[in-house]
>>> print(open('work.txt').read())   # compact mmCIF, C-alpha atoms
# COMPACT_ATOMS: atom_id res chain seq x y z
CA LEU A 230 22.21 82.33 144.80
CA TYR A 231 21.19 85.99 144.75
CA GLY A 232 20.07 86.35 141.14
CA ILE A 233 21.89 86.45 137.84
CA PRO A 234 24.90 88.78 137.95
CA ARG A 235 24.88 91.57 135.46
CA GLU A 236 28.41 92.16 134.41
CA ARG A 237 29.94 95.36 135.57
CA LYS A 238 29.58 98.33 133.31
CA LEU A 239 32.71 100.16 132.33
CA THR A 240 32.87 103.47 134.10
CA ALA A 241 35.19 106.43 134.12
CA LEU A 242 37.68 107.81 136.59
CA THR A 243 36.78 110.98 138.43
CA ARG A 244 39.31 113.61 139.38
CA TYR A 245 38.83 115.40 142.65
CA THR A 246 40.98 117.57 144.85
CA PRO A 247 40.54 117.09 148.59
CA TRP A 248 42.95 119.16 150.63
CA GLY A 249 44.56 120.54 147.50
CA THR A 250 45.74 117.09 146.38
CA THR A 251 44.60 115.72 143.05
CA ILE A 252 43.26 112.18 143.20
CA ASP A 253 41.89 110.11 140.36
CA ALA A 254 39.53 107.48 141.68
CA LEU A 255 36.52 105.54 140.55
CA GLY A 256 33.16 105.26 142.22
CA ARG A 257 31.76 106.36 145.53
CA HIS A 258 33.16 105.03 148.79
CA LEU A 259 31.33 106.02 151.96
CA LEU A 260 32.69 105.42 155.44
CA ILE A 261 29.87 105.25 157.96
CA GLU A 262 30.24 105.44 161.76
CA LEU A 263 27.24 104.14 163.70
CA HIS A 264 27.30 105.07 167.38
CA GLU A 265 24.91 104.47 170.27
CA CYS A 266 23.53 101.38 168.57
CA ASP A 267 21.51 98.71 170.32
CA ARG A 268 24.16 96.33 171.62
CA SER A 269 22.18 93.15 171.15
CA ALA A 270 21.40 94.14 167.55
CA LEU A 271 25.11 94.57 166.84
CA ASP A 272 25.77 91.05 168.12
CA ASP A 273 22.99 89.49 166.03
CA LEU A 274 24.70 88.05 162.98
CA ASP A 275 21.48 87.36 161.09
CA LEU A 276 20.16 90.88 161.67
CA VAL A 277 23.42 92.54 160.67
CA ARG A 278 23.85 90.37 157.58
CA ASP A 279 20.24 90.75 156.46
CA THR A 280 20.43 94.52 156.92
CA LEU A 281 23.52 94.75 154.74
CA VAL A 282 22.02 92.47 152.08
CA GLU A 283 18.81 94.53 152.09
CA ALA A 284 20.89 97.70 151.70
CA ALA A 285 22.61 96.13 148.70
CA TYR A 286 19.22 95.31 147.15
CA ARG A 287 17.95 98.81 147.79
CA LEU A 288 20.95 100.20 145.97
CA GLY A 289 19.98 98.09 142.96
CA SER A 290 23.25 96.21 143.11
CA THR A 291 23.94 92.65 142.01
CA ILE A 292 25.09 90.51 144.94
CA LEU A 293 27.94 88.13 144.13
CA ASP A 294 28.89 86.80 147.57
CA VAL A 295 28.08 87.24 151.26
CA SER A 296 30.65 86.43 153.92
CA THR A 297 30.12 86.61 157.68
CA HIS A 298 31.86 85.86 160.96
CA LYS A 299 30.70 85.81 164.58
CA PHE A 300 33.36 86.71 167.11
CA ASP A 301 33.81 85.38 170.60
CA PRO A 302 32.76 86.89 172.95
CA VAL A 303 30.99 89.58 170.94
CA GLY A 304 31.01 91.25 167.55
CA VAL A 305 30.19 90.33 163.99
CA THR A 306 31.55 91.02 160.53
CA ALA A 307 29.53 90.90 157.33
CA ILE A 308 30.85 91.64 153.86
CA VAL A 309 28.68 91.72 150.75
CA MET A 310 30.51 91.56 147.45
CA ILE A 311 28.51 93.20 144.66
CA SER A 312 29.20 93.61 140.96
CA GLU A 313 29.63 97.29 141.70
CA SER A 314 32.25 96.71 144.51
CA HIS A 315 31.30 95.97 148.17
CA LEU A 316 29.52 96.73 151.42
CA SER A 317 30.97 95.80 154.80
CA VAL A 318 30.10 96.14 158.45
CA HIS A 319 32.19 95.37 161.52
CA THR A 320 30.49 95.69 164.89
CA TRP A 321 31.76 96.25 168.41
CA PRO A 322 28.73 95.70 170.66
CA GLU A 323 30.87 96.52 173.70
CA HIS A 324 31.12 100.08 172.36
CA GLY A 325 27.64 100.23 170.81
CA TYR A 326 29.59 100.96 167.64
CA ALA A 327 29.62 99.69 164.06
CA ALA A 328 31.97 100.71 161.26
CA MET A 329 30.53 100.37 157.78
CA ASP A 330 31.67 101.12 154.31
CA ILE A 331 29.82 101.13 151.02
CA PHE A 332 31.84 101.24 147.83
CA THR A 333 30.01 101.41 144.49
CA CYS A 334 31.36 102.03 141.01
CA SER A 335 28.02 102.59 139.32
CA LYS A 336 27.38 106.14 138.22
CA THR A 337 23.67 105.76 138.97
CA MET A 338 24.03 104.21 142.44
CA GLN A 339 23.81 106.56 145.41
CA PRO A 340 25.12 104.85 148.56
CA ALA A 341 23.89 107.78 150.63
CA ASP A 342 20.33 106.74 149.78
CA VAL A 343 20.50 103.76 152.15
CA VAL A 344 22.03 105.54 155.13
CA GLY A 345 18.59 106.34 156.54
CA PHE A 346 17.54 102.71 156.19
CA LEU A 347 20.69 101.51 157.94
CA SER A 348 20.23 103.95 160.79
CA VAL A 349 16.72 102.65 161.42
CA GLU A 350 17.72 98.98 161.27
CA VAL A 351 20.78 98.96 163.48
CA ASN A 352 21.01 102.40 165.01
CA ARG A 353 17.55 103.19 166.41
CA GLY A 354 17.10 105.97 163.88
CA ILE A 355 20.19 107.88 164.95
CA LEU A 356 21.79 109.15 161.78
CA PRO A 357 25.40 108.05 161.48
CA MET A 358 28.44 110.11 160.66
CA VAL A 359 29.12 109.62 156.96
CA ARG A 360 32.24 110.61 155.05
CA ALA A 361 33.06 110.20 151.39
CA GLY A 362 36.32 108.30 151.06
CA ARG A 363 35.92 108.33 147.28
CA PRO A 364 33.35 110.97 146.40
CA GLY A 365 32.64 109.64 142.87
CA LEU B 262 41.87 76.94 155.98
CA TYR B 263 44.27 79.77 156.77
CA GLY B 264 45.27 78.90 160.32
CA ILE B 265 43.50 78.99 163.62
CA PRO B 266 41.68 82.27 164.15
CA ARG B 267 42.69 84.24 167.18
CA GLU B 268 39.66 85.97 168.49
CA ARG B 269 39.60 89.67 168.09
CA LYS B 270 41.03 91.71 170.89
CA LEU B 271 38.89 94.40 172.39
CA THR B 272 40.15 97.78 171.39
CA ALA B 273 39.21 101.34 172.10
CA LEU B 274 37.62 104.11 170.09
CA THR B 275 39.79 106.96 168.91
CA ARG B 276 38.59 110.54 168.64
CA TYR B 277 39.89 112.65 165.80
CA THR B 278 38.86 115.90 164.21
CA PRO B 279 39.24 116.08 160.43
CA TRP B 280 37.93 119.35 158.97
CA GLY B 281 36.89 120.53 162.41
CA THR B 282 34.38 117.69 162.82
CA THR B 283 34.75 115.31 165.73
CA ILE B 284 34.55 111.64 164.79
CA ASP B 285 34.86 108.65 167.07
CA ALA B 286 36.02 105.63 165.12
CA LEU B 287 37.94 102.45 165.69
CA GLY B 288 40.98 101.20 163.84
CA ARG B 289 42.83 102.33 160.79
CA HIS B 290 41.18 102.38 157.39
CA LEU B 291 43.38 103.19 154.42
CA LEU B 292 42.06 103.92 150.94
CA ILE B 293 44.67 103.17 148.32
CA GLU B 294 44.58 104.28 144.68
CA LEU B 295 46.89 102.33 142.38
CA HIS B 296 47.38 103.95 138.97
CA GLU B 297 49.46 103.06 135.93
CA CYS B 298 49.38 99.38 136.88
CA ASP B 299 50.23 96.57 134.51
CA ARG B 300 46.89 95.80 132.86
CA SER B 301 47.41 92.07 132.56
CA ALA B 302 48.36 91.88 136.24
CA LEU B 303 45.10 93.60 137.18
CA ASP B 304 43.13 91.01 135.23
CA ASP B 305 44.97 88.06 136.81
CA LEU B 306 42.68 86.82 139.56
CA ASP B 307 45.27 84.51 141.13
CA LEU B 308 47.91 87.23 141.25
CA VAL B 309 45.57 89.82 142.72
CA ARG B 310 44.14 87.42 145.31
CA ASP B 311 47.55 86.06 146.31
CA THR B 312 48.92 89.58 146.66
CA LEU B 313 46.10 90.59 148.97
CA VAL B 314 46.43 87.39 151.03
CA GLU B 315 50.19 87.94 151.32
CA ALA B 316 49.56 91.52 152.45
CA ALA B 317 47.21 90.19 155.12
CA TYR B 318 49.90 87.76 156.32
CA ARG B 319 52.52 90.50 156.38
CA LEU B 320 50.26 92.56 158.59
CA GLY B 321 50.15 89.67 161.03
CA SER B 322 46.41 89.32 160.63
CA THR B 323 44.30 86.21 160.98
CA ILE B 324 42.52 85.38 157.72
CA LEU B 325 38.92 84.25 158.13
CA ASP B 326 37.67 84.16 154.54
CA VAL B 327 38.75 85.00 151.01
CA SER B 328 36.21 85.87 148.35
CA THR B 329 36.91 86.61 144.68
CA HIS B 330 35.17 87.34 141.41
CA LYS B 331 36.38 87.59 137.80
CA PHE B 332 34.42 89.99 135.64
CA ASP B 333 33.62 89.72 131.96
CA PRO B 334 35.29 91.14 129.94
CA VAL B 335 37.91 92.41 132.40
CA GLY B 336 38.39 93.18 136.07
CA VAL B 337 38.63 91.27 139.32
CA THR B 338 37.51 91.71 142.90
CA ALA B 339 39.17 90.11 145.91
CA ILE B 340 38.10 90.58 149.51
CA VAL B 341 39.98 89.12 152.47
CA MET B 342 38.08 89.04 155.74
CA ILE B 343 40.46 89.10 158.72
CA SER B 344 39.83 88.96 162.44
CA GLU B 345 40.95 92.58 162.51
CA SER B 346 38.46 93.70 159.76
CA HIS B 347 39.18 93.42 156.00
CA LEU B 348 41.26 94.08 152.91
CA SER B 349 39.72 94.54 149.48
CA VAL B 350 40.81 95.26 145.94
CA HIS B 351 38.73 96.06 142.88
CA THR B 352 40.56 96.37 139.57
CA TRP B 353 39.79 98.11 136.31
CA PRO B 354 42.43 96.87 133.87
CA GLU B 355 40.95 99.10 131.16
CA HIS B 356 42.10 102.09 133.24
CA GLY B 357 45.27 100.49 134.63
CA TYR B 358 43.63 101.26 137.96
CA ALA B 359 42.94 99.40 141.19
CA ALA B 360 41.07 100.66 144.25
CA MET B 361 42.11 99.04 147.51
CA ASP B 362 41.21 99.45 151.10
CA ILE B 363 42.76 98.02 154.24
CA PHE B 364 40.81 98.27 157.46
CA THR B 365 42.41 96.98 160.68
CA CYS B 366 41.27 97.33 164.26
CA SER B 367 44.48 96.12 165.89
CA LYS B 368 46.45 98.80 167.69
CA THR B 369 49.71 97.12 166.69
CA MET B 370 48.91 96.63 163.02
CA GLN B 371 50.17 99.26 160.59
CA PRO B 372 48.44 98.92 157.22
CA ALA B 373 50.84 101.48 155.75
CA ASP B 374 53.63 98.92 156.20
CA VAL B 375 52.38 96.85 153.27
CA VAL B 376 51.85 99.69 150.81
CA GLY B 377 55.37 99.29 149.44
CA PHE B 378 54.85 95.57 148.97
CA LEU B 379 51.57 96.14 147.14
CA SER B 380 53.11 98.73 144.87
CA VAL B 381 55.82 96.28 143.80
CA GLU B 382 53.42 93.39 143.24
CA VAL B 383 50.71 95.08 141.20
CA ASN B 384 51.97 98.55 140.44
CA ARG B 385 55.51 98.13 139.10
CA GLY B 386 56.91 99.92 142.12
CA ILE B 387 54.91 103.09 141.62
CA LEU B 388 53.81 104.20 145.06
CA PRO B 389 50.06 104.61 145.27
CA MET B 390 48.06 107.49 146.65
CA VAL B 391 47.07 106.55 150.19
CA ARG B 392 44.55 108.28 152.39
CA ALA B 393 43.47 107.47 155.92
CA GLY B 394 39.71 107.04 155.98
CA ARG B 395 39.91 106.12 159.66
CA PRO B 396 43.29 107.24 160.99
CA GLY B 397 43.24 105.04 164.13
>>> encode(input="work.txt", output="structure tokens")
Amino acid sequence: LYGIPRERKLTALTRYTPWGTTIDALGRHLLIELHECDRSALDDLDLVRDTLVEAAYRLGSTILDVSTHKFDPVGVTAIVMISESHLSVHTWPEHGYAAMDIFTCSKTMQPADVVGFLSVEVNRGILPMVRAGRPG
Amino acid sequence: LYGIPRERKLTALTRYTPWGTTIDALGRHLLIELHECDRSALDDLDLVRDTLVEAAYRLGSTILDVSTHKFDPVGVTAIVMISESHLSVHTWPEHGYAAMDIFTCSKTMQPADVVGFLSVEVNRGILPMVRAGRPG
């Protein structure tokens, strides 16, 4: 459907110490808060899905599955499963808000590289708040 | 497939201030690191998927879609889309490690309630490291 999957490369755990606590995790997991978005854009399932799929391509990931849902009265969810983990977006047009996450286990993939693209597509160029859930 | 979806309730943004930075987000998003897991369990797609689906039921969520992938040579991904956002698990049997996240936007849903269940099912009762990516 979206090209031939490359099988996932074996990667290594990374140790990090947020708040003085040692955590062993794998990959990079960004949590992205998009505020003041265009409300009609956040309710446009095709736009939201295509933006997330394009972000996955720009990361160089291999897409395995795309799942979406349109809520009544408003709001959409899109989840893109990739060989290297996943991307998701949940939108609340009534708040002009979207919550995204990008989780990648490839050492060469930099999820932060697509944040600018996402902000242009769904957030009128306003840069989102981004936090590293798993800093990788 | 998994029951009649209730449509998502409208909820409100929550303001919190990790590390002195103000963030407005919606819902609770837990990042869960499962270490020292049984390696064969982590490579068992049915077990991993069923565990995640059961966790979604225990949270009282409405399941909209379930997506899975088995990697070669080892590893599985399962993602459960729920009306209230999503649950995901990515496993690395070669490390005895699984990375999960549970994101819920219901004010009454407590993702932390299923952490004990998950630890028994895939982690031999060892409690995982849990962090709140979005504290809700």
>>> closest_residue(input="work.txt", among="B:Asp374, B:Asp333, B:Glu297, B:Glu382", to="chain A", atoms="all atoms listed in the file")
B:Asp333
>>> closest_atom_pairs(input="work.txt", of="chain A", to="chain B", cutoff="8 Å", atoms="only C-alpha atoms", output="JSON lines")
{"residue": "A:Glu236", "atom": "CA", "partner": "B:Asp333", "partner_atom": "CA", "distance": 6.3}
{"residue": "A:Arg237", "atom": "CA", "partner": "B:Phe332", "partner_atom": "CA", "distance": 7.0}
{"residue": "A:Leu242", "atom": "CA", "partner": "B:His356", "partner_atom": "CA", "distance": 8.0}
{"residue": "A:Ile252", "atom": "CA", "partner": "B:Met390", "partner_atom": "CA", "distance": 7.5}
{"residue": "A:Asp253", "atom": "CA", "partner": "B:Glu294", "partner_atom": "CA", "distance": 7.7}
{"residue": "A:Ala254", "atom": "CA", "partner": "B:Glu294", "partner_atom": "CA", "distance": 6.7}
{"residue": "A:Leu255", "atom": "CA", "partner": "B:Ala360", "partner_atom": "CA", "distance": 7.6}
{"residue": "A:Leu260", "atom": "CA", "partner": "B:Gly394", "partner_atom": "CA", "distance": 7.2}
{"residue": "A:Glu262", "atom": "CA", "partner": "B:Ala286", "partner_atom": "CA", "distance": 6.7}
{"residue": "A:Leu293", "atom": "CA", "partner": "B:His330", "partner_atom": "CA", "distance": 7.8}
{"residue": "A:Asp294", "atom": "CA", "partner": "B:Ser328", "partner_atom": "CA", "distance": 7.4}
{"residue": "A:Ser296", "atom": "CA", "partner": "B:Asp326", "partner_atom": "CA", "distance": 7.4}
{"residue": "A:His298", "atom": "CA", "partner": "B:Leu325", "partner_atom": "CA", "distance": 7.8}
{"residue": "A:Phe300", "atom": "CA", "partner": "B:Glu268", "partner_atom": "CA", "distance": 6.5}
{"residue": "A:Asp301", "atom": "CA", "partner": "B:Glu268", "partner_atom": "CA", "distance": 6.2}
{"residue": "A:Thr306", "atom": "CA", "partner": "B:Ser346", "partner_atom": "CA", "distance": 7.5}
{"residue": "A:Ile308", "atom": "CA", "partner": "B:Met342", "partner_atom": "CA", "distance": 7.9}
{"residue": "A:Met310", "atom": "CA", "partner": "B:Ile340", "partner_atom": "CA", "distance": 7.9}
{"residue": "A:Ser314", "atom": "CA", "partner": "B:His351", "partner_atom": "CA", "distance": 6.7}
{"residue": "A:His319", "atom": "CA", "partner": "B:Ser346", "partner_atom": "CA", "distance": 6.7}
{"residue": "A:His324", "atom": "CA", "partner": "B:Leu274", "partner_atom": "CA", "distance": 8.0}
{"residue": "A:Ala328", "atom": "CA", "partner": "B:Ala286", "partner_atom": "CA", "distance": 7.5}
{"residue": "A:Met358", "atom": "CA", "partner": "B:Ile284", "partner_atom": "CA", "distance": 7.5}
{"residue": "A:Gly362", "atom": "CA", "partner": "B:Gly394", "partner_atom": "CA", "distance": 6.1}
>>> atom_distance(input="work.txt", atom1="CA of Leu356 (chain A)", atom2="CA of Leu276 (chain A)")
18.3 Å
>>> residues_around(input="work.txt", residues="Gln371 (chain B)", least_positions_apart="4", cutoff="9 Å", atoms="only C-alpha atoms", output="list of chain:residue names")
B:Arg289, B:Leu320, B:Thr365, B:Ser367, B:Val375
>>> atom_distance(input="work.txt", atom1="CA of Val383 (chain B)", atom2="CA of Asp305 (chain B)")
10.1 Å
>>> closest_residue(input="work.txt", among="A:Pro340, A:Gly289, A:Pro357, A:Pro322", to="Leu274 (chain A)", atoms="all atoms listed in the file")
A:Pro322
>>> atom_distance(input="work.txt", atom1="CA of Asn384 (chain B)", atom2="CA of Thr291 (chain A)")
28.7 Å
>>> closest_residue(input="work.txt", among="B:Thr369, B:Asp362, B:Arg300, B:Ser380", to="Thr312 (chain B)", atoms="all atoms listed in the file")
B:Ser380
>>> closest_residue(input="work.txt", among="B:Gly377, B:Gly357, B:Pro396, B:Lys368", to="Asp299 (chain B)", atoms="all atoms listed in the file")
B:Gly357
>>> closest_residue(input="work.txt", among="B:Ile387, B:Ile324, B:Met361, B:Val376", to="Val309 (chain B)", atoms="all atoms listed in the file")
B:Met361
>>> axis_aligned_box(input="work.txt", around="region 372-384 of chain B", padding_each_side="4 Å", output="lines of an AutoDock Vina configuration file")
center_x = 52.1
center_y = 97.4
center_z = 148.8
size_x = 15.4
size_y = 16.1
size_z = 24.8
